Amino acid sequence: MANPLRAAAAALALLLAAAGGGHSEPASRPEPADPLPWAAERTYADLVRLVLPGDGTADFRHIGGEDMANPLPAPVGPVRIAAVPLGPGGAQRLALLLDPGPVEDAAMAPAILALFDMAGEPRLVDAADVGFDRFTGFAEPARLPLGGNDLLITSSVHWNSGQSYAATALILVRGDRLELVDTIFTLDERTCAYERTQRLAVRSGAEGPFPDIAASVTELTVATGADCGDAAVPEPGTRTIAATWRWDDDGRRYIPDSDAFEALARENETRF
């Protein structure tokens with residue numbers, strides 16, 4: 001019998017290979033006992049304990065707002081770790097994405113994104129739950145440089161026999177704070193009559209302290225050619241949905257130039 005966790009990990013890896021851009025940074029997947037960069041006398045397990053001390057006191061805001069809060073599993077199981085160094089040359093800052101395990105009967109599962117200052121004694125400077133679905137990981141790439149800041153990209157997914165759902169979060173690391181820029185929802189479908197895929201690409205600009213963030217979803221619809229009776233077959237073809245986020249000095253945040261991805265999310269919801 002196939003290992004369900006291994007199967008889930010393989011499917012998650014396929015779905016997370018979604019975002020792309022120049023000068024991107026992939027995530028590593030260290031073991032808890034592995035030594036830390038810049039602090040070889042310590043391990044990743046030491047950082048995990050700063051976030052999840054194991055005494056039941058850990059409590060995190062959800063990056064998407066209070067109404068999306070996910071409970072932590074009780075007890076927290078073996079924690080899976082993904083790591084991304086931040087800033088030019090790593091700059092002695094580190095982001096960890098921690099998977100504390102599933103929560104029974106919950107529609108979403110927590111995934112804790114933690115930001116550490118690694119100059120001297122490792123210090124936790126911010127942490128937030130970024131779980132928007134059952135399985136969450138860093139996208140590929142996990143990080144894009146954004147002027148003097150960083151953009152982290154995570155993707156939360158689940159799937160059934162005919163559909164795969166993904167919520168990709170664009171998260172700005174500004175100073176000592178994790179801030180949600182936006183979330184992009186995509187849907188893949190597989191039916192007897194057709195297959196439809198939506199592939200996301202994210203890129204950052206190169207100018208100014210807060211460069212533009214550009215994202216596009218390429219949707220491809222292909223008829224299978226199978227005899228599916230009276231099943232409806234959408235028009236085959238390709239279309240692109242795109243938006244650009246620009247920094248607003250007055251609001252101190254990124255603002256999209258259109259509601260294209262909100263419209264796509266509403267459209268996809270009708271297909272569930």
# chains A, B, ... in the order shown; residues from 1 in each chain; ligands from 1
$ residues_around --residues "A:Ala109" --least-positions-apart "6" --cutoff "9 Å" --atoms "only C-alpha atoms" --output "number ranges by chain"
A: 70-73, 99-103, 131-136
$ residues_around --residues "A:Cys192" --least-positions-apart "5" --cutoff "12 Å" --atoms "only C-alpha atoms" --output "list in words"
Ser161, Gly162, Val222, Ala223, Thr224, Gly225, Ala226, Asp227, Cys228, Gly229, Asp230, Ala231, Ala232 and Val233 of chain A
$ write_last_selection --atoms "N, CA and C atoms" --output "PDB file, in the first residue's frame"
ATOM      1  N   SER A 161     -10.380  13.675  -6.749  1.00  0.00           N
ATOM      2  CA  SER A 161     -10.125  12.876  -7.949  1.00  0.00           C
ATOM      3  C   SER A 161     -10.174  13.697  -9.228  1.00  0.00           C
ATOM      4  N   GLY A 162     -10.876  14.832  -9.227  1.00  0.00           N
ATOM      5  CA  GLY A 162     -11.031  15.573 -10.468  1.00  0.00           C
ATOM      6  C   GLY A 162     -10.546  17.011 -10.436  1.00  0.00           C
ATOM      7  N   VAL A 222      -7.884  21.818 -22.777  1.00  0.00           N
ATOM      8  CA  VAL A 222      -7.658  20.840 -23.840  1.00  0.00           C
ATOM      9  C   VAL A 222      -8.770  19.794 -23.791  1.00  0.00           C
ATOM     10  N   ALA A 223      -9.372  19.526 -24.940  1.00  0.00           N
ATOM     11  CA  ALA A 223     -10.366  18.456 -25.022  1.00  0.00           C
ATOM     12  C   ALA A 223      -9.659  17.109 -25.035  1.00  0.00           C
ATOM     13  N   THR A 224     -10.200  16.128 -24.321  1.00  0.00           N
ATOM     14  CA  THR A 224      -9.570  14.811 -24.262  1.00  0.00           C
ATOM     15  C   THR A 224      -9.871  13.977 -25.500  1.00  0.00           C
ATOM     16  N   GLY A 225     -10.983  14.279 -26.201  1.00  0.00           N
ATOM     17  CA  GLY A 225     -11.376  13.486 -27.355  1.00  0.00           C
ATOM     18  C   GLY A 225     -12.089  12.200 -26.994  1.00  0.00           C
ATOM     19  N   ALA A 226     -12.313  11.977 -25.694  1.00  0.00           N
ATOM     20  CA  ALA A 226     -12.986  10.749 -25.260  1.00  0.00           C
ATOM     21  C   ALA A 226     -14.491  10.855 -25.492  1.00  0.00           C
ATOM     22  N   ASP A 227     -15.149   9.707 -25.622  1.00  0.00           N
ATOM     23  CA  ASP A 227     -16.605   9.661 -25.764  1.00  0.00           C
ATOM     24  C   ASP A 227     -17.213   9.778 -24.370  1.00  0.00           C
ATOM     25  N   CYS A 228     -17.731  10.959 -24.058  1.00  0.00           N
ATOM     26  CA  CYS A 228     -18.244  11.242 -22.716  1.00  0.00           C
ATOM     27  C   CYS A 228     -19.738  11.511 -22.733  1.00  0.00           C
ATOM     28  N   GLY A 229     -20.434  10.993 -23.718  1.00  0.00           N
ATOM     29  CA  GLY A 229     -21.877  11.176 -23.789  1.00  0.00           C
ATOM     30  C   GLY A 229     -22.239  12.631 -24.031  1.00  0.00           C
ATOM     31  N   ASP A 230     -23.136  13.145 -23.179  1.00  0.00           N
ATOM     32  CA  ASP A 230     -23.617  14.520 -23.346  1.00  0.00           C
ATOM     33  C   ASP A 230     -22.826  15.519 -22.516  1.00  0.00           C
ATOM     34  N   ALA A 231     -21.674  15.138 -22.003  1.00  0.00           N
ATOM     35  CA  ALA A 231     -20.879  16.044 -21.166  1.00  0.00           C
ATOM     36  C   ALA A 231     -20.478  17.289 -21.955  1.00  0.00           C
ATOM     37  N   ALA A 232     -20.625  18.449 -21.316  1.00  0.00           N
ATOM     38  CA  ALA A 232     -20.260  19.712 -21.960  1.00  0.00           C
ATOM     39  C   ALA A 232     -18.745  19.813 -22.090  1.00  0.00           C
ATOM     40  N   VAL A 233     -18.298  20.336 -23.228  1.00  0.00           N
ATOM     41  CA  VAL A 233     -16.866  20.511 -23.479  1.00  0.00           C
ATOM     42  C   VAL A 233     -16.607  21.999 -23.708  1.00  0.00           C
TER      43      VAL A 233
END
$ closest_residue --among "A:Ala142, A:Leu178, A:Leu200, A:Leu170" --to "A:Trp245" --atoms "only C-alpha atoms"
A:Leu170
$ residues_around --residues "A:Ala166" --least-positions-apart "4" --cutoff "9 Å" --atoms "only C-alpha atoms" --output "ChimeraX atom specification"
/A:15-16,132-133,155-159,184-188
$ residues_around --residues "stretch 257-265 of chain A" --least-positions-apart "4" --cutoff "10 Å" --atoms "only C-alpha atoms" --output "number ranges by chain"
A: 167, 182-187, 214-217, 241-246, 269-270
$ write_last_selection --atoms "N, CA and C atoms" --output "compact mmCIF listing (two decimals), in the first residue's frame"
# COMPACT_ATOMS: atom_id res chain seq x y z
N ALA A 167 -4.02 27.98 -3.20
CA ALA A 167 -4.06 29.38 -2.76
C ALA A 167 -2.62 29.81 -2.55
N ASP A 182 -1.14 39.72 -1.12
CA ASP A 182 -2.38 39.24 -1.73
C ASP A 182 -2.33 37.72 -1.79
N THR A 183 -3.46 37.14 -2.13
CA THR A 183 -3.57 35.69 -2.30
C THR A 183 -4.22 35.41 -3.65
N ILE A 184 -3.65 34.47 -4.40
CA ILE A 184 -4.13 34.13 -5.73
C ILE A 184 -4.64 32.69 -5.71
N PHE A 185 -5.90 32.49 -6.10
CA PHE A 185 -6.53 31.18 -6.07
C PHE A 185 -6.60 30.61 -7.48
N THR A 186 -6.11 29.39 -7.66
CA THR A 186 -6.14 28.72 -8.96
C THR A 186 -6.74 27.34 -8.83
N LEU A 187 -7.19 26.80 -9.96
CA LEU A 187 -7.91 25.53 -9.98
C LEU A 187 -7.51 24.74 -11.22
N ALA A 214 4.64 41.51 -10.33
CA ALA A 214 3.78 41.13 -11.45
C ALA A 214 3.47 39.65 -11.38
N ALA A 215 2.20 39.30 -11.60
CA ALA A 215 1.79 37.90 -11.59
C ALA A 215 0.88 37.64 -12.78
N SER A 216 0.99 36.43 -13.32
CA SER A 216 0.11 36.02 -14.42
C SER A 216 -0.27 34.56 -14.24
N VAL A 217 -1.49 34.25 -14.61
CA VAL A 217 -1.98 32.87 -14.63
C VAL A 217 -2.27 32.52 -16.09
N ILE A 241 -4.42 35.63 -17.43
CA ILE A 241 -4.97 36.57 -16.45
C ILE A 241 -3.78 37.18 -15.73
N ALA A 242 -3.74 38.51 -15.64
CA ALA A 242 -2.54 39.15 -15.09
C ALA A 242 -2.91 40.37 -14.25
N ALA A 243 -2.03 40.69 -13.31
CA ALA A 243 -2.15 41.90 -12.50
C ALA A 243 -0.76 42.29 -12.01
N THR A 244 -0.63 43.58 -11.69
CA THR A 244 0.62 44.09 -11.14
C THR A 244 0.30 44.86 -9.86
N TRP A 245 1.09 44.58 -8.82
CA TRP A 245 0.96 45.30 -7.55
C TRP A 245 2.03 46.37 -7.48
N ARG A 246 1.61 47.61 -7.13
CA ARG A 246 2.54 48.72 -7.01
C ARG A 246 2.47 49.30 -5.60
N GLU A 269 -14.73 29.41 -8.32
CA GLU A 269 -15.64 28.94 -7.29
C GLU A 269 -16.90 28.32 -7.89
N THR A 270 -17.33 28.83 -9.05
CA THR A 270 -18.52 28.27 -9.70
C THR A 270 -18.25 26.87 -10.25
$ residues_around --residues "stretch 111-120 of chain A" --least-positions-apart "6" --cutoff "6 Å" --atoms "only C-alpha atoms" --output "ChimeraX atom specification"
/A:92-99,126-131
$ closest_residue --among "A:Pro78, A:Arg271, A:Gly205, A:Met108" --to "A:Glu189" --atoms "only C-alpha atoms"
A:Arg271
$ select_by_dssp --residues "stretch 24-145 of chain A" --states "strand (DSSP E)" --output "PyMOL selection string"
chain A and resi 35-36+39-43+80-86+93-99+112-117+123-129+135-145
$ write_last_selection --atoms "N, CA and C atoms" --output "CSV table (one decimal), in the first residue's frame"
chain,number,residue,atom,x,y,z
A,35,PRO,N,22.9,21.5,11.4
A,35,PRO,CA,23.4,22.8,12.0
A,35,PRO,C,22.8,24.0,11.2
A,36,LEU,N,22.7,25.1,11.9
A,36,LEU,CA,22.2,26.4,11.3
A,36,LEU,C,23.3,27.1,10.6
A,39,ALA,N,25.5,29.8,12.5
A,39,ALA,CA,25.5,29.4,14.0
A,39,ALA,C,25.6,27.9,14.0
A,40,ALA,N,26.7,27.4,13.6
A,40,ALA,CA,26.8,26.0,13.4
A,40,ALA,C,26.8,25.2,14.7
A,41,GLU,N,26.9,25.9,15.9
A,41,GLU,CA,26.8,25.2,17.1
A,41,GLU,C,25.4,24.9,17.5
A,42,ARG,N,24.5,25.5,16.8
A,42,ARG,CA,23.0,25.3,17.0
A,42,ARG,C,22.4,24.6,15.9
A,43,THR,N,21.2,24.0,16.1
A,43,THR,CA,20.5,23.3,15.1
A,43,THR,C,19.1,23.9,14.8
A,80,ARG,N,7.8,19.4,10.3
A,80,ARG,CA,8.6,19.4,9.0
A,80,ARG,C,9.0,20.8,8.8
A,81,ILE,N,10.2,21.0,8.2
A,81,ILE,CA,10.9,22.3,8.1
A,81,ILE,C,11.2,22.6,6.7
A,82,ALA,N,11.0,23.8,6.2
A,82,ALA,CA,11.5,24.4,5.0
A,82,ALA,C,12.2,25.7,5.3
A,83,ALA,N,13.3,26.0,4.7
A,83,ALA,CA,14.1,27.2,5.1
A,83,ALA,C,14.5,28.0,3.9
A,84,VAL,N,14.5,29.3,4.0
A,84,VAL,CA,14.9,30.2,3.0
A,84,VAL,C,15.7,31.4,3.6
A,85,PRO,N,17.0,31.6,3.2
A,85,PRO,CA,17.8,32.7,3.7
A,85,PRO,C,17.3,34.0,3.0
A,86,LEU,N,17.3,35.1,3.7
A,86,LEU,CA,16.8,36.4,3.2
A,86,LEU,C,17.9,37.4,3.0
A,93,ARG,N,19.6,36.6,8.0
A,93,ARG,CA,18.2,36.5,8.3
A,93,ARG,C,17.7,35.2,7.7
A,94,LEU,N,16.7,34.6,8.3
A,94,LEU,CA,16.3,33.3,7.9
A,94,LEU,C,14.8,33.2,8.1
A,95,ALA,N,14.1,32.6,7.1
A,95,ALA,CA,12.7,32.3,7.2
A,95,ALA,C,12.5,30.8,7.2
A,96,LEU,N,11.7,30.4,8.2
A,96,LEU,CA,11.3,29.0,8.3
A,96,LEU,C,9.9,28.8,8.1
A,97,LEU,N,9.4,27.8,7.3
A,97,LEU,CA,8.0,27.4,7.2
A,97,LEU,C,7.9,26.1,8.0
A,98,LEU,N,7.1,26.0,9.0
A,98,LEU,CA,7.0,24.9,9.9
A,98,LEU,C,5.6,24.3,9.7
A,99,ASP,N,5.6,23.0,9.5
A,99,ASP,CA,4.4,22.2,9.4
A,99,ASP,C,4.2,21.4,10.7
A,112,ILE,N,3.2,27.5,10.0
A,112,ILE,CA,3.8,28.7,10.7
A,112,ILE,C,5.0,29.2,9.9
A,113,LEU,N,4.9,30.4,9.4
A,113,LEU,CA,6.0,31.1,8.8
A,113,LEU,C,6.7,32.0,9.8
A,114,ALA,N,8.0,31.7,10.1
A,114,ALA,CA,8.7,32.4,11.2
A,114,ALA,C,9.9,33.1,10.6
A,115,LEU,N,10.2,34.3,11.1
A,115,LEU,CA,11.3,35.1,10.6
A,115,LEU,C,12.3,35.3,11.8
A,116,PHE,N,13.6,35.0,11.5
A,116,PHE,CA,14.6,35.0,12.5
A,116,PHE,C,15.7,36.0,12.1
A,117,ASP,N,16.2,36.7,13.1
A,117,ASP,CA,17.5,37.4,13.0
A,117,ASP,C,18.6,36.5,13.5
A,123,ARG,N,17.3,35.0,17.0
A,123,ARG,CA,16.2,35.7,17.6
A,123,ARG,C,14.9,35.6,16.7
A,124,LEU,N,13.8,35.2,17.3
A,124,LEU,CA,12.6,35.2,16.5
A,124,LEU,C,12.0,36.6,16.5
A,125,VAL,N,11.8,37.2,15.3
A,125,VAL,CA,11.3,38.5,15.2
A,125,VAL,C,9.8,38.6,14.8
A,126,ASP,N,9.3,37.6,14.1
A,126,ASP,CA,7.9,37.6,13.8
A,126,ASP,C,7.5,36.2,13.3
A,127,ALA,N,6.2,35.9,13.5
A,127,ALA,CA,5.7,34.6,13.1
A,127,ALA,C,4.2,34.7,12.8
A,128,ALA,N,3.7,34.0,11.8
A,128,ALA,CA,2.3,34.1,11.4
A,128,ALA,C,1.9,32.7,10.8
A,129,ASP,N,0.7,32.4,11.0
A,129,ASP,CA,0.1,31.2,10.3
A,129,ASP,C,-0.2,31.6,8.9
A,135,PHE,N,-2.6,21.5,2.9
A,135,PHE,CA,-1.2,21.3,2.8
A,135,PHE,C,-0.6,22.6,2.3
A,136,THR,N,0.5,23.0,3.0
A,136,THR,CA,1.1,24.3,2.7
A,136,THR,C,2.6,24.1,2.6
A,137,GLY,N,3.2,24.7,1.6
A,137,GLY,CA,4.7,24.7,1.4
A,137,GLY,C,5.1,26.0,0.7
A,138,PHE,N,6.5,26.2,0.7
A,138,PHE,CA,7.0,27.2,-0.1
A,138,PHE,C,6.8,26.9,-1.6
A,139,ALA,N,6.4,27.9,-2.4
A,139,ALA,CA,6.3,27.7,-3.8
A,139,ALA,C,7.8,27.7,-4.4
A,140,GLU,N,7.8,27.5,-5.7
A,140,GLU,CA,9.1,27.5,-6.4
A,140,GLU,C,9.1,28.6,-7.4
A,141,PRO,N,9.8,29.7,-7.2
A,141,PRO,CA,10.8,29.9,-6.1
A,141,PRO,C,10.0,30.3,-4.8
A,142,ALA,N,10.7,30.2,-3.7
A,142,ALA,CA,10.2,30.5,-2.4
A,142,ALA,C,10.4,32.0,-2.1
A,143,ARG,N,11.4,32.6,-2.7
A,143,ARG,CA,11.7,34.0,-2.4
A,143,ARG,C,12.1,34.8,-3.7
A,144,LEU,N,11.6,36.0,-3.8
A,144,LEU,CA,12.1,37.0,-4.8
A,144,LEU,C,12.6,38.2,-4.1
A,145,PRO,N,13.8,38.7,-4.5
A,145,PRO,CA,14.2,40.0,-3.9
A,145,PRO,C,13.3,41.1,-4.4
$ select_by_dssp --residues "stretch 54-107 of chain A" --states "helix (DSSP H, G or I)" --output "number ranges by chain"
A: 66-68, 88-90
$ write_last_selection --atoms "all heavy atoms" --output "CSV table (one decimal), in the first residue's frame"
chain,number,residue,atom,x,y,z
A,66,GLU,N,-8.1,37.5,11.2
A,66,GLU,CA,-8.6,36.8,12.4
A,66,GLU,C,-9.6,35.7,12.1
A,66,GLU,O,-9.6,34.7,12.7
A,66,GLU,CB,-9.2,37.7,13.4
A,66,GLU,CG,-8.2,38.7,14.1
A,66,GLU,CD,-8.8,39.6,15.1
A,66,GLU,OE1,-10.1,39.4,15.4
A,66,GLU,OE2,-8.2,40.5,15.7
A,67,ASP,N,-10.4,35.9,11.0
A,67,ASP,CA,-11.4,35.0,10.7
A,67,ASP,C,-10.9,33.7,10.1
A,67,ASP,O,-11.6,32.7,9.8
A,67,ASP,CB,-12.5,35.6,9.8
A,67,ASP,CG,-11.9,36.1,8.5
A,67,ASP,OD1,-10.7,36.3,8.4
A,67,ASP,OD2,-12.7,36.3,7.5
A,68,MET,N,-9.6,33.6,9.8
A,68,MET,CA,-9.0,32.5,9.2
A,68,MET,C,-8.1,31.7,10.1
A,68,MET,O,-7.3,30.8,9.7
A,68,MET,CB,-8.2,32.9,7.9
A,68,MET,CG,-9.0,33.6,6.9
A,68,MET,SD,-8.1,33.7,5.3
A,68,MET,CE,-8.2,32.0,4.8
A,88,PRO,N,20.4,40.1,0.6
A,88,PRO,CA,21.6,39.9,-0.3
A,88,PRO,C,22.6,39.0,0.5
A,88,PRO,O,23.0,39.3,1.6
A,88,PRO,CB,22.2,41.3,-0.5
A,88,PRO,CG,21.0,42.2,-0.2
A,88,PRO,CD,20.2,41.5,0.8
A,89,GLY,N,22.9,37.8,-0.1
A,89,GLY,CA,23.9,36.9,0.4
A,89,GLY,C,23.4,36.2,1.7
A,89,GLY,O,24.1,35.7,2.5
A,90,GLY,N,22.1,36.3,1.9
A,90,GLY,CA,21.5,35.7,3.1
A,90,GLY,C,21.3,36.7,4.2
A,90,GLY,O,20.3,36.7,5.0
$ residues_around --residues "A:Thr221" --least-positions-apart "5" --cutoff "6 Å" --atoms "only C-alpha atoms" --output "mmCIF file with all heavy atoms, in the first residue's frame"
data_model
loop_
_atom_site.group_PDB
_atom_site.id
_atom_site.type_symbol
_atom_site.label_atom_id
_atom_site.label_comp_id
_atom_site.auth_asym_id
_atom_site.auth_seq_id
_atom_site.Cartn_x
_atom_site.Cartn_y
_atom_site.Cartn_z
ATOM 1 N N GLU A 195 -9.466 18.721 -19.974
ATOM 2 C CA GLU A 195 -8.555 19.043 -18.881
ATOM 3 C C GLU A 195 -8.260 20.542 -18.930
ATOM 4 O O GLU A 195 -8.039 21.099 -20.006
ATOM 5 C CB GLU A 195 -7.255 18.254 -18.990
ATOM 6 C CG GLU A 195 -7.440 16.751 -18.814
ATOM 7 C CD GLU A 195 -6.119 16.008 -18.822
ATOM 8 O OE1 GLU A 195 -5.075 16.680 -18.991
ATOM 9 O OE2 GLU A 195 -6.126 14.777 -18.666
ATOM 10 N N ARG A 196 -8.275 21.163 -17.758
ATOM 11 C CA ARG A 196 -7.980 22.597 -17.681
ATOM 12 C C ARG A 196 -6.928 22.806 -16.593
ATOM 13 O O ARG A 196 -7.079 22.329 -15.472
ATOM 14 C CB ARG A 196 -9.232 23.402 -17.364
ATOM 15 C CG ARG A 196 -8.976 24.901 -17.204
ATOM 16 C CD ARG A 196 -10.216 25.646 -16.749
ATOM 17 N NE ARG A 196 -11.170 25.804 -17.837
ATOM 18 C CZ ARG A 196 -12.440 25.405 -17.775
ATOM 19 N NH1 ARG A 196 -12.886 24.783 -16.694
ATOM 20 N NH2 ARG A 196 -13.245 25.608 -18.803
ATOM 21 N N PRO A 236 -11.644 24.757 -26.357
ATOM 22 C CA PRO A 236 -10.205 24.603 -26.101
ATOM 23 C C PRO A 236 -9.464 25.907 -26.385
ATOM 24 O O PRO A 236 -9.880 26.708 -27.237
ATOM 25 C CB PRO A 236 -9.788 23.500 -27.076
ATOM 26 C CG PRO A 236 -11.046 22.790 -27.444
ATOM 27 C CD PRO A 236 -12.119 23.833 -27.414
ATOM 28 N N GLY A 237 -8.368 26.100 -25.711
ATOM 29 C CA GLY A 237 -7.570 27.291 -25.965
ATOM 30 C C GLY A 237 -6.794 27.719 -24.743
ATOM 31 O O GLY A 237 -6.763 27.051 -23.714
#
$ atom_distance --atom1 "atom CA of A:Val173" --atom2 "atom CA of A:Phe210"
11.4 Å
$ atom_distance --atom1 "atom CA of A:Leu152" --atom2 "atom CA of A:Val202"
10.8 Å
